[in-house]
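Here is my_file_20.txt, consisting of compact mmCIF, C-alpha atoms:
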```
# COMPACT_ATOMS: atom_id res chain seq x y z
CA MET A 25 -19.39 -13.89 2.38
CA SER A 26 -18.91 -10.92 4.68
CA ILE A 27 -15.34 -9.67 4.88
CA VAL A 28 -14.20 -7.90 8.03
CA LEU A 29 -10.96 -6.53 6.61
CA GLY A 30 -10.07 -5.89 3.00
CA ALA A 31 -6.72 -4.91 1.58
CA ILE A 32 -5.71 -3.56 -1.79
CA ALA A 33 -2.05 -4.29 -2.48
CA ASP A 34 0.02 -2.50 -5.11
CA ASP A 35 2.00 -5.64 -5.97
CA TYR A 36 1.88 -9.41 -5.54
CA THR A 37 4.84 -9.75 -3.19
CA GLY A 38 3.58 -7.20 -0.71
CA ALA A 39 0.13 -8.75 -0.92
CA SER A 40 1.62 -12.13 0.02
CA ASP A 41 3.49 -10.58 2.97
CA LEU A 42 0.27 -8.98 4.21
CA ALA A 43 -1.86 -12.10 3.71
CA ASN A 44 0.74 -14.13 5.59
CA THR A 45 0.73 -11.59 8.43
CA PHE A 46 -3.08 -11.72 8.67
CA ALA A 47 -3.06 -15.53 8.67
CA LYS A 48 -0.36 -15.68 11.38
CA GLU A 49 -2.62 -13.46 13.52
CA GLY A 50 -5.44 -15.99 13.16
CA LEU A 51 -7.52 -14.37 10.41
CA ARG A 52 -9.01 -16.67 7.77
CA THR A 53 -7.34 -15.00 4.81
CA ILE A 54 -7.70 -15.19 1.04
CA GLN A 55 -5.36 -13.56 -1.45
CA THR A 56 -6.54 -12.93 -4.99
CA ILE A 57 -4.56 -12.05 -8.09
CA GLY A 58 -6.43 -9.07 -9.49
CA VAL A 59 -10.03 -8.17 -8.77
CA PRO A 60 -12.06 -11.39 -8.82
CA ARG A 61 -15.07 -11.85 -11.06
CA ASP A 62 -18.34 -10.99 -9.37
CA ASP A 63 -19.57 -14.58 -9.65
CA LEU A 64 -16.47 -16.15 -8.06
CA ALA A 65 -17.52 -18.14 -5.00
CA LEU A 66 -15.03 -17.77 -2.18
CA PRO A 67 -14.94 -19.61 1.14
CA GLU A 68 -15.72 -17.72 4.34
CA ALA A 69 -12.90 -15.37 5.21
CA ASP A 70 -12.12 -12.67 7.73
CA ALA A 71 -9.72 -10.87 5.39
CA VAL A 72 -9.24 -10.68 1.64
CA VAL A 73 -6.12 -9.21 0.07
CA VAL A 74 -6.60 -8.15 -3.55
CA SER A 75 -3.21 -8.24 -5.31
CA LEU A 76 -2.81 -5.70 -8.06
CA LYS A 77 0.17 -4.87 -10.22
CA ILE A 78 -0.03 -1.07 -10.14
CA ARG A 79 3.21 0.11 -8.56
CA SER A 80 4.66 1.30 -11.87
CA ALA A 81 1.40 1.88 -13.72
CA PRO A 82 0.41 5.40 -14.77
CA ALA A 83 -1.38 7.09 -11.86
CA PRO A 84 -4.84 7.18 -13.54
CA ASP A 85 -4.63 3.43 -14.24
CA ALA A 86 -3.52 2.70 -10.67
CA VAL A 87 -6.37 4.79 -9.26
CA ALA A 88 -8.94 3.01 -11.45
CA ALA A 89 -7.64 -0.44 -10.47
CA ALA A 90 -7.56 0.39 -6.75
CA ARG A 91 -11.09 1.82 -6.90
CA GLY A 92 -12.28 -1.37 -8.62
CA ALA A 93 -10.73 -3.51 -5.89
CA ASP A 94 -12.22 -1.29 -3.19
CA ARG A 95 -15.71 -1.56 -4.74
CA TRP A 96 -15.39 -5.35 -4.97
CA LEU A 97 -14.35 -5.61 -1.31
CA ARG A 98 -17.07 -3.22 -0.07
CA GLU A 99 -19.77 -5.04 -2.06
CA ARG A 100 -18.81 -8.16 -0.12
CA GLY A 101 -19.18 -6.47 3.25
CA ALA A 102 -15.67 -5.24 3.99
CA ARG A 103 -16.12 -2.65 6.72
CA HIS A 104 -12.53 -1.49 6.33
CA ALA A 105 -10.21 -1.61 3.33
CA MET A 106 -6.59 -0.55 3.46
CA TYR A 107 -4.19 0.29 0.66
CA LYS A 108 -1.00 -1.72 1.13
CA ILE A 109 2.00 -0.05 -0.51
CA CYS A 110 5.50 -1.37 -1.02
CA SER A 111 7.65 -1.09 2.10
CA THR A 112 10.32 0.58 -0.02
CA PHE A 113 7.86 3.28 -1.12
CA ASP A 114 8.97 2.91 -4.72
CA SER A 115 6.74 4.97 -6.89
CA THR A 116 7.15 7.56 -9.59
CA ASP A 117 7.05 11.28 -8.87
CA ALA A 118 3.63 11.37 -10.58
CA GLY A 119 2.19 8.68 -8.31
CA ASN A 120 0.84 6.15 -7.40
CA ILE A 121 0.87 6.22 -3.63
CA GLY A 122 -0.47 9.77 -3.28
CA PRO A 123 -3.11 9.65 -6.03
CA VAL A 124 -4.49 6.24 -4.97
CA GLY A 125 -4.63 7.23 -1.29
CA GLU A 126 -6.36 10.51 -2.10
CA ALA A 127 -8.88 8.82 -4.44
CA LEU A 128 -9.82 6.19 -1.84
CA ARG A 129 -10.07 8.90 0.83
CA ASP A 130 -12.34 10.99 -1.40
CA ASP A 131 -14.53 7.98 -2.25
CA HIS A 132 -15.28 7.47 1.45
CA GLY A 133 -15.49 11.09 2.60
CA GLY A 134 -12.29 10.99 4.61
CA ARG A 135 -10.21 13.98 5.61
CA ALA A 136 -6.70 12.52 5.84
CA VAL A 137 -4.59 9.65 4.56
CA LEU A 138 -2.20 8.01 7.00
CA THR A 139 0.77 6.49 5.19
CA THR A 140 3.02 4.10 7.06
CA PRO A 141 5.53 2.35 4.82
CA ALA A 142 7.65 0.86 7.59
CA PHE A 143 7.96 -2.92 7.83
CA PRO A 144 10.57 -3.54 10.55
CA GLU A 145 10.53 -7.33 9.99
CA THR A 146 12.07 -6.70 6.56
CA GLY A 147 14.43 -3.95 7.69
CA ARG A 148 12.25 -1.05 6.50
CA THR A 149 12.00 1.62 9.17
CA VAL A 150 11.08 5.31 9.28
CA TYR A 151 12.89 7.91 11.35
CA ARG A 152 11.92 11.58 11.23
CA GLY A 153 10.08 11.02 7.98
CA HIS A 154 12.99 9.29 6.24
CA LEU A 155 12.74 5.70 5.08
CA PHE A 156 15.65 3.40 5.86
CA VAL A 157 16.57 0.05 4.33
CA GLY A 158 18.51 -1.66 7.06
CA ASP A 159 20.67 1.07 8.53
CA VAL A 160 21.01 3.26 5.41
CA PRO A 161 18.62 5.85 3.98
CA LEU A 162 16.52 4.56 1.09
CA ASP A 163 18.31 6.79 -1.43
CA GLU A 164 21.69 5.35 -0.41
CA SER A 165 20.51 1.73 -0.57
CA PRO A 166 20.61 -0.49 -3.67
CA LEU A 167 17.02 0.65 -4.36
CA LYS A 168 18.36 3.97 -5.60
CA ASP A 169 19.12 2.01 -8.78
CA HIS A 170 15.75 0.22 -9.11
CA PRO A 171 15.16 -0.32 -12.86
CA LEU A 172 11.53 0.87 -12.87
CA ASN A 173 11.30 3.25 -9.90
CA PRO A 174 14.72 4.42 -8.74
CA MET A 175 14.35 5.89 -5.25
CA THR A 176 16.52 8.97 -5.08
CA ASP A 177 14.88 10.59 -2.06
CA ALA A 178 14.45 9.01 1.39
CA ASP A 179 12.34 11.95 2.64
CA LEU A 180 8.80 10.59 2.36
CA VAL A 181 7.20 14.00 2.92
CA ARG A 182 8.96 15.34 -0.19
CA VAL A 183 8.15 12.21 -2.20
CA LEU A 184 4.45 12.37 -1.31
CA ALA A 185 4.30 16.13 -1.84
CA ARG A 186 5.46 15.66 -5.44
CA GLN A 187 2.59 13.28 -6.19
CA SER A 188 -0.25 14.54 -4.00
CA LYS A 189 -2.69 17.42 -4.19
CA GLY A 190 -3.33 17.80 -0.45
CA ALA A 191 -1.15 18.96 2.41
CA ILE A 192 1.57 16.54 3.49
CA GLY A 193 3.21 16.38 6.90
CA LEU A 194 4.45 14.23 9.74
CA ILE A 195 2.38 13.23 12.75
CA GLY A 196 5.34 12.54 14.98
CA LEU A 197 5.56 8.78 14.80
CA ASP A 198 8.80 7.05 14.02
CA VAL A 199 8.64 3.33 13.32
CA VAL A 200 11.87 1.63 14.22
CA ALA A 201 12.67 -1.94 15.15
```
Would you give me this structure, written as structure tokens?
Amino acid sequence: MSIVLGAIADDYTGASDLANTFAKEGLRTIQTIGVPRDDLALPEADAVVVSLKIRSAPAPDAVAAARGADRWLRERGARHAMYKICSTFDSTDAGNIGPVGEALRDDHGGRAVLTTPAFPETGRTVYRGHLFVGDVPLDESPLKDHPLNPMTDADLVRVLARQSKGAIGLIGLDVVA
């Protein structure tokens, strides 16, 4: 099997959303739960979405899992692999979005990580670097009380800066519905 597009998802729900989006666009898509065994025979596919459960995992564990998924996808011919994060950007201050993005960038000799958490179809939009849930900032939405990853800051530059080693900034794109 030679995969055109691979995706590493930080949770099962987001992985399902992405796999559904790929399929609606005509890609033959497979979604896995975890990194498949090397000997697992899969049908021909244009895209494979590897579902992980790393959103609340310690950053080193999340990095290791994402790197394992990336290796699996690349060994099967994926020319491009993306890291799909939750559209509500819920993560701890120690990671995982920044550390996983930086690790995957470093593994492939990249210089920058583009992070775009907006998903307008589900009411997640970004305006001037702030994530909105519907028409309220993330930190004023019910997600501010998330039991595992309460989101107390809608400013994604600040959130990423707390968990990343590299420079963080905006490139001037707002994603609104």
Query raised in the report: Quick one: of A:Leu128, A:Leu97, A:Ala81, A:Ala178, who's nearest to Arg152 of chain A, counting all atoms listed in the file?
Result: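 Comparing A:Leu128, A:Leu97, A:Ala81, A:Ala178 against Arg152 of chain A, the winner is A:Ala178.
Closest approach to Thr37 of chain A among A:Ala185, A:Ser115, A:Asp94, A:Thr56: A:Thr56, based on all atoms listed in the file.
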Query raised in the report: Can you tell me, as a ChimeraX atom specification, what residues are no more than 9 Å from Glu68 of chain A when counting all atoms listed in the file, ignoring any on the same chain fewer than 5 positions away?
Result: /A:25-27,52-53
Requested in this report: Please provide the set of residues having any atom within 12 Å of Pro171 of chain A, restricted to all atoms listed in the file, with same-chain residues fewer than 6 positions apart removed, written as a list in words.
Outcome: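 Near neighbours after the sequence-gap exclusion: Ser80, Asp114, Ser115 and Thr116 of chain A.
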Query raised in the report: Which value, in Å to one decimal, gives the distance between atom CA of Gly58 of chain A and atom CA of Val181 of chain A?
Result: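 Going from atom CA of Gly58 of chain A over to atom CA of Val181 of chain A, I get 29.5 Å.
Picture a line from atom CA of Ala89 of chain A to atom CA of Ala33 of chain A; it runs 10.5 Å.
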Query raised in the report: Hey, can you check how far atom CA of Gly38 of chain A sits from atom CA of Lys108 of chain A?
Result: 7.4 Å
Query raised in the report: Smallest atom-to-atom distance to Ala31 of chain A: which of A:Lys48, A:Arg103, A:Arg61, A:Arg135, using all atoms listed in the file?
Result: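 Among the listed residues, A:Arg103 lies closest to Ala31 of chain A.
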Query - Point (3.9, 15.5, -0.9) neighbourhood (12 Å, only C-alpha atoms) written as a list in words - result: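 Here is the list of nearby residues: Asp117, Ala118, Gly119, Asn120, Ile121, Gly122, Pro123, Gly125, Glu126, Val137, Thr139, Gly153, Asp179, Leu180, Val181, Arg182, Val183, Leu184, Ala185, Arg186, Gln187, Ser188, Lys189, Gly190, Ala191, Ile192, Gly193 and Leu194 of chain A.
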Query raised in the report: Restricting the calculation to all atoms listed in the file, which member of A:Arg100, A:Gly147, A:Tyr107, A:Thr140 is positioned closest to Ala65 of chain A?
Result: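 For Ala65 of chain A, the nearest of the given residues is A:Arg100.
With only the atoms specified (only C-alpha atoms) counting, those residues at most 9 Å away from (-8.5, -3.0, 8.2) are Val28, Leu29, Gly30, Ala31, Ala71, Ala102, Arg103, His104, Ala105 and Met106 of chain A.
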Query raised in the report: Looking at A:Arg95, A:Lys168, A:Leu155, A:Val124, which one is nearest to Arg79 of chain A, with distances taken over all atoms listed in the file?
Result: A:Val124
Query raised in the report: Taking into account all atoms listed in the file, which residue in the set A:Gly92, A:Gly50, A:Pro161, A:Pro166 is nearest to Asp70 of chain A?
Result: A:Gly50
Could you work out an axis-aligned bounding box for all listed atoms of segment 119-127 of chain A, with 8 Å added on each of the six sides, and give its centre and edge lengths in Å to one decimal, as JSON?
```
{"center_x": -3.3, "center_y": 8.3, "center_z": -4.8, "size_x": 27.1, "size_y": 20.4, "size_z": 23.0}
```
